[in-house]
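Asks: Just so it is clear, I am handing over model-v9.txt, which has compact mmCIF, C-alpha atoms.
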```
# COMPACT_ATOMS: atom_id res chain seq x y z
CA MET A 25 93.19 137.29 81.38
CA ILE A 26 90.57 136.96 84.13
CA ARG A 27 89.77 133.40 83.04
CA ARG A 28 93.47 132.42 83.22
CA ALA A 29 93.76 133.90 86.72
CA ALA A 30 90.69 131.93 87.82
CA VAL A 31 92.20 128.69 86.52
CA VAL A 32 95.52 129.39 88.23
CA GLY A 33 93.70 130.24 91.47
CA CYS A 34 91.62 127.07 91.21
CA CYS A 35 94.75 124.93 90.64
CA ALA A 36 96.53 126.58 93.55
CA ALA A 37 93.54 125.88 95.79
CA PHE A 38 93.48 122.25 94.64
CA LEU A 39 97.21 121.82 95.28
CA GLY A 40 96.83 123.48 98.65
CA ALA A 41 94.06 121.05 99.51
CA GLY A 42 96.37 118.15 98.61
CA ILE A 43 99.01 119.47 100.94
CA ALA A 44 96.45 119.82 103.72
CA VAL A 45 95.41 116.19 103.28
CA ALA A 46 99.04 115.05 103.58
CA ALA A 47 99.51 117.13 106.73
CA SER A 48 96.41 115.57 108.30
CA LEU A 49 98.16 112.18 108.58
CA PRO A 50 101.57 113.08 110.04
CA GLY A 51 103.90 110.08 110.21
CA ILE A 52 102.20 108.15 107.37
CA PRO A 53 104.35 107.70 104.22
CA LYS A 54 103.48 110.00 101.33
CA ALA A 55 102.63 107.09 98.99
CA PHE A 56 99.64 106.19 101.18
CA GLN A 57 98.35 109.76 101.74
CA PRO A 58 95.92 109.93 98.77
CA TYR A 59 94.06 106.76 99.82
CA LYS A 60 90.67 108.51 100.02
CA SER A 61 90.76 108.89 96.21
CA TRP A 62 91.28 105.13 95.69
CA HIS A 63 88.75 102.32 95.22
CA LYS A 64 86.84 101.63 98.45
CA VAL A 65 87.02 97.86 99.09
CA ASN A 66 84.25 97.50 101.70
CA ALA A 67 80.62 97.96 100.72
CA LYS A 68 79.70 99.55 104.07
CA LEU A 69 81.50 100.74 107.19
CA ILE A 70 83.18 97.83 109.00
CA ARG A 71 81.99 97.79 112.60
CA PRO A 72 84.18 96.42 115.41
CA THR A 73 83.50 92.97 116.81
CA SER A 74 85.11 90.93 119.54
CA THR A 75 87.20 89.13 116.88
CA THR A 76 88.49 92.11 114.87
CA ALA A 77 92.20 92.82 115.16
CA HIS A 78 91.95 96.58 114.76
CA PRO A 79 89.77 98.71 117.05
CA GLY A 80 87.16 101.20 115.89
CA THR A 81 85.02 101.40 112.80
CA LYS A 82 86.93 100.98 109.55
CA ASN A 83 87.09 101.49 105.80
CA VAL A 84 89.53 99.83 103.39
CA TYR A 85 90.87 101.43 100.20
CA ALA A 86 92.99 99.96 97.38
CA SER A 87 95.01 101.91 94.82
CA LYS A 88 94.21 99.26 92.17
CA LYS A 89 91.30 96.88 91.62
CA LYS A 90 91.64 93.11 91.68
CA VAL A 91 92.35 91.28 88.43
CA ALA A 92 91.25 87.63 88.33
CA GLY A 93 90.85 87.64 92.13
CA ARG A 94 94.31 89.07 92.88
CA TYR A 95 95.65 92.56 93.36
CA PRO A 96 98.28 93.59 90.81
CA VAL A 97 101.91 94.18 91.79
CA GLY A 98 102.27 97.77 92.96
CA THR A 99 98.91 97.87 94.73
CA LEU A 100 98.75 99.89 97.95
CA ILE A 101 96.01 99.19 100.49
CA VAL A 102 94.99 101.32 103.46
CA LYS A 103 92.67 100.36 106.29
CA GLU A 104 91.62 103.46 108.23
CA GLY A 105 90.16 103.09 111.69
CA PHE A 106 88.16 105.75 113.50
CA THR A 107 88.03 106.57 117.20
CA THR A 108 85.99 109.17 119.05
CA ALA A 109 87.69 111.30 121.69
CA GLY A 110 86.31 114.44 123.28
CA GLY A 111 83.23 114.16 121.08
CA LYS A 112 85.31 114.26 117.87
CA ARG A 113 85.69 111.36 115.46
CA PHE A 114 89.16 111.08 113.93
CA VAL A 115 91.39 108.63 112.07
CA SER A 116 93.36 106.86 114.79
CA LEU A 117 94.59 103.80 112.86
CA ILE A 118 96.24 103.38 109.48
CA ALA A 119 97.14 99.82 108.50
CA THR A 120 98.89 99.49 105.15
CA MET A 121 99.77 96.78 102.67
CA ARG A 122 102.10 97.18 99.69
CA LYS A 123 102.38 94.45 97.03
CA GLN A 124 105.84 94.17 95.51
CA ARG A 125 107.08 91.51 93.09
CA GLY A 126 109.34 88.97 94.82
CA LEU A 127 109.13 90.72 98.20
CA ASP A 128 107.82 87.80 100.25
CA PRO A 129 106.19 85.01 98.18
CA ALA A 130 105.24 83.08 101.34
CA HIS A 131 102.97 85.99 102.33
CA GLY A 132 101.57 86.98 98.94
CA ASN A 133 104.42 89.47 98.33
CA TRP A 134 102.75 91.91 100.72
CA LYS A 135 104.52 94.28 103.13
CA PHE A 136 102.33 95.09 106.15
CA ILE A 137 102.73 98.10 108.48
CA GLU A 138 100.31 99.50 111.08
CA TRP A 139 100.35 102.94 112.69
CA THR A 140 98.20 104.51 115.40
CA ARG A 141 97.73 107.81 117.22
CA SER A 142 95.80 108.85 120.33
CA SER A 143 94.40 112.23 119.28
CA PRO A 144 93.49 114.10 116.08
CA ASN A 145 96.61 116.28 116.19
CA ALA A 146 99.10 113.60 117.22
CA ARG A 147 101.67 112.08 114.89
CA PHE A 148 101.13 108.44 113.87
CA THR A 149 103.64 105.96 115.27
CA GLU A 150 104.34 102.48 113.98
CA ILE A 151 103.07 99.70 116.23
CA ALA A 152 103.31 96.57 114.05
CA ARG A 153 104.66 95.17 110.83
CA ASP A 154 104.85 91.99 108.77
CA ALA A 155 105.12 88.99 111.17
CA THR A 156 102.62 90.54 113.60
CA CYS A 157 100.08 90.77 110.76
CA TRP A 158 100.71 87.46 108.95
CA GLY A 159 98.83 85.24 111.41
CA CYS A 160 95.49 86.94 110.90
CA HIS A 161 95.96 87.71 107.22
CA ALA A 162 96.85 84.08 106.44
CA GLN A 163 93.15 83.39 107.04
CA ALA A 164 92.44 85.67 104.04
CA LYS A 165 94.93 83.94 101.75
CA ARG A 166 92.13 82.96 99.32
CA THR A 167 91.31 86.66 98.84
CA ASP A 168 94.97 87.64 98.25
CA TRP A 169 95.61 88.20 101.98
CA VAL A 170 93.06 91.05 102.05
CA TYR A 171 89.90 90.97 104.14
CA THR A 172 86.90 92.41 102.37
CA THR A 173 83.15 92.75 102.82
CA ARG A 174 82.39 92.54 99.07
```
In structure tokens, write the structure found in this file.
Replies:
Amino acid sequence: MIRRAAVVGCCAAFLGAGIAVAASLPGIPKAFQPYKSWHKVNAKLIRPTSTTAHPGTKNVYASKKKVAGRYPVGTLIVKEGFTTAGGKRFVSLIATMRKQRGLDPAHGNWKFIEWTRSSPNARFTEIARDATCWGCHAQAKRTDWVYTTR
């Protein structure tokens, strides 16, 4: 009986942790919330340069790994960008890609959306989508429209 209670308590704690993660990115669609558990695309933290489109240091995560140099249909990708404010580092940028069969063949069938926020407790708001992103990502067409450091 004690063992069963411990397992139930453990599961409840795990589920509670999942809910806390979702609440930490208010305004970001639920499908993208578990990105930290996905495959990390970059080998090391991506540092900002004068030519990077998104500010801050970044990591990129993919829900599925490439197959023969392409991401499978259904892949979700998240680029998270960090900013420091008031001495605290927080996720201030979430740029997403979703690959869907037949969505937009001219752009690799990817849907692009970018969100940002100004403080750790603020809600993310959308600042760009699709056409705004295509110009830069066309340069990564050979790597299935995804920039990577690997």
Asks: Just want the 12 Å neighbourhood of Gly80 in chain A, counted on only C-alpha atoms, with same-chain residues fewer than 3 positions away dropped. Output as an MDAnalysis selection string.
Replies: chainID A and resid 69:74 76:77 83 103:109 113:118 140
Asks: With distances taken over all atoms listed in the file, which of A:Tyr95, A:His161, A:Asp154, A:Ser87 is nearest to Asp128 in chain A?
Replies: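 The shortest atom-to-atom distance to Asp128 in chain A comes from A:Asp154.
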Asks: Can you measure CA of Lys82 in chain A to CA of Lys60 in chain A for me? One decimal in Å is fine.
Replies: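 It comes out at 12.7 Å.
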Asks: As a PyMOL selection string, please: the residues near Thr172 in chain A (cut-off 9 Å, only C-alpha atoms, same-chain neighbours under 4 positions excluded).
Replies: chain A and resi 65-67+84+164+167
Asks: One decimal, in Å: what's the spacing between CA of Phe136 in chain A and CA of Lys64 in chain A?
Replies: 18.5 Å
Asks: Looking at all atoms listed in the file, which of A:Tyr171, A:Ala146, A:Ala119, A:Trp158 is the one that sits closest to His78 in chain A?
Replies: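 Once distances to His78 in chain A are computed over all atoms listed in the file, the minimum belongs to A:Ala119.
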Asks: Find the residues near range 49-53 of chain A: any atom within 9 Å, counting all atoms listed in the file, skip ones fewer than 3 places away on the same chain, and give them as a PyMOL selection string.
Replies: chain A and resi 45-46+56-57+115+118+139+145-150
Asks: In file coordinates, which residues lie within 6 Å of (99.4, 101.3, 103.2) using only C-alpha atoms, given as number ranges by chain?
Replies: A: 56, 100-102, 119-121
Asks: Of the residues A:Gly111, A:Pro79, A:Gly93, A:Pro144, which is the one nearest to Arg166 in chain A, using all atoms listed in the file?
Replies: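 Among the listed residues, the smallest separation from Arg166 in chain A belongs to A:Gly93.
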Asks: Have a look at CA of Val170 in chain A and CA of Lys112 in chain A and let me know their distance in Å, one decimal.
Replies: 29.1 Å
Asks: Point out the residue among A:Gly159, A:Gly110, A:His63, A:Pro96 with the least atom-to-atom distance to Arg125 in chain A, counting only C-alpha atoms.
Replies: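 Of A:Gly159, A:Gly110, A:His63, A:Pro96, the one nearest Arg125 in chain A, counting only C-alpha atoms, is A:Pro96.
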Asks: Rank nothing, just name the residue among A:Ile151, A:Ala86, A:Ile137, A:Val91 nearest to Pro58 in chain A, using only C-alpha atoms.
Replies: A:Ala86
Asks: Let me know the centre plus edge lengths, in Å and rounded to one decimal, of a box with edges along x, y and z that contains all listed atoms of range 100-109 of chain A and is padded by 5 Å on every side, as lines of an AutoDock Vina configuration file.
Replies:
```
center_x = 92.4
center_y = 105.2
center_z = 109.8
size_x = 22.8
size_y = 22.1
size_z = 33.7
```
Asks: Would you pick out the contacts of Lys123 in chain A at 6 Å or less, using only C-alpha atoms, so that residues sharing its chain but fewer than 4 positions from it are not included, and give the list as an MDAnalysis selection string?
Replies: chainID A and resid 97:99 133:134
